[in-house]
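**Student:** Here you go, one structure.
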Amino acid sequence: MATAVEIPADTLALGGAADPAGAGRAAAAPFQPVLIDSDRCKGCGLCVAACPKGILALDETRVNVQGYHPVHLTNPELCTSDAHCARVCPDCVLVILARPRPAREASS
């Protein structure tokens with residue numbers, strides 16, 4: 001007669017179902033409100049000048065594949081996602097993302 005083997009329930013779950021809230025996973029990367037295609041950036045500085053918060057700068061320590069110093073975001077927490085930078089970029093290297101909304105509390 002076969003002996004029953006007890007297997008913990010969380011080992012049978014598929015695709016994160018055992019940990020749907022992600023408590024067992026590593027912390028997610030911090031939110032980045034501006035995605036920059038650094039290899040296409042020509043380092044013209046128009047976005048740097050257009051940013052009202054002054055949080056974009058040319059990266060003088062790096063040269064991209066085109067030979068330019070690309071722009072980088074110096075302080076993501078201060079970004080308001082207003083897209084001034086993306087509007088003036090002649091090469092469309094910036095993608096602006098809205099901040100995630102906080103989760104609503106369940107109403108009783």
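Residue numbering restarts at 1 in every chain; chains get A, B, ... in the order shown in the structure tokens, and ligands count up from 1 in that same order.
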Which polymer residues have any atom within 12 Å of an atom of Val34 in chain A, counting only C-alpha atoms, with same-chain residues fewer than 2 positions away left out, as a VMD selection string?

**Tutor:** chain A and resid 30 to 32 36 to 38 47 51 55 to 56 71 to 86 93 to 99

**Student:** Grab the residues selected above and save them as an mmCIF file, in the first residue's frame with C-alpha atoms.

**Tutor:**
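The resulting file, out_34.cif, is shown below:
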data_model
loop_
_atom_site.group_PDB
_atom_site.id
_atom_site.type_symbol
_atom_site.label_atom_id
_atom_site.label_comp_id
_atom_site.auth_asym_id
_atom_site.auth_seq_id
_atom_site.Cartn_x
_atom_site.Cartn_y
_atom_site.Cartn_z
ATOM 1 C CA PRO A 30 12.088 52.293 -7.926
ATOM 2 C CA PHE A 31 9.681 54.040 -10.282
ATOM 3 C CA GLN A 32 11.377 55.812 -13.196
ATOM 4 C CA ILE A 36 15.508 57.611 -22.038
ATOM 5 C CA ASP A 37 16.797 55.979 -25.219
ATOM 6 C CA SER A 38 20.377 56.997 -24.476
ATOM 7 C CA CYS A 47 15.322 68.871 -22.609
ATOM 8 C CA CYS A 51 12.834 70.874 -17.373
ATOM 9 C CA ILE A 55 16.522 67.293 -12.834
ATOM 10 C CA LEU A 56 17.835 66.410 -16.288
ATOM 11 C CA VAL A 71 20.865 63.021 -21.020
ATOM 12 C CA HIS A 72 20.061 61.329 -17.711
ATOM 13 C CA LEU A 73 17.567 61.872 -14.905
ATOM 14 C CA THR A 74 19.335 63.056 -11.755
ATOM 15 C CA ASN A 75 16.460 62.842 -9.257
ATOM 16 C CA PRO A 76 13.421 60.735 -10.259
ATOM 17 C CA GLU A 77 11.534 61.589 -7.052
ATOM 18 C CA LEU A 78 11.263 65.255 -8.066
ATOM 19 C CA CYS A 79 9.914 64.567 -11.560
ATOM 20 C CA THR A 80 6.320 65.727 -12.075
ATOM 21 C CA SER A 81 5.866 63.870 -15.401
ATOM 22 C CA ASP A 82 4.863 67.158 -17.060
ATOM 23 C CA ALA A 83 6.550 66.127 -20.360
ATOM 24 C CA HIS A 84 8.160 69.504 -21.076
ATOM 25 C CA CYS A 85 11.365 67.639 -21.867
ATOM 26 C CA ALA A 86 9.733 65.191 -24.273
ATOM 27 C CA VAL A 93 14.239 59.859 -27.068
ATOM 28 C CA LEU A 94 12.136 60.511 -23.939
ATOM 29 C CA VAL A 95 9.045 58.599 -22.822
ATOM 30 C CA ILE A 96 7.174 60.081 -19.873
ATOM 31 C CA LEU A 97 5.258 57.830 -17.486
ATOM 32 C CA ALA A 98 2.677 58.881 -14.925
ATOM 33 C CA ARG A 99 3.289 57.896 -11.330
#

**Student:** Check range 15-98 of chain A with DSSP on the backbone and list each residue it calls strand (DSSP E or B), as JSON, numbers by chain.

**Tutor:** {"A": [34, 35, 36, 56, 57, 58, 71, 72, 73, 94, 95, 96]}
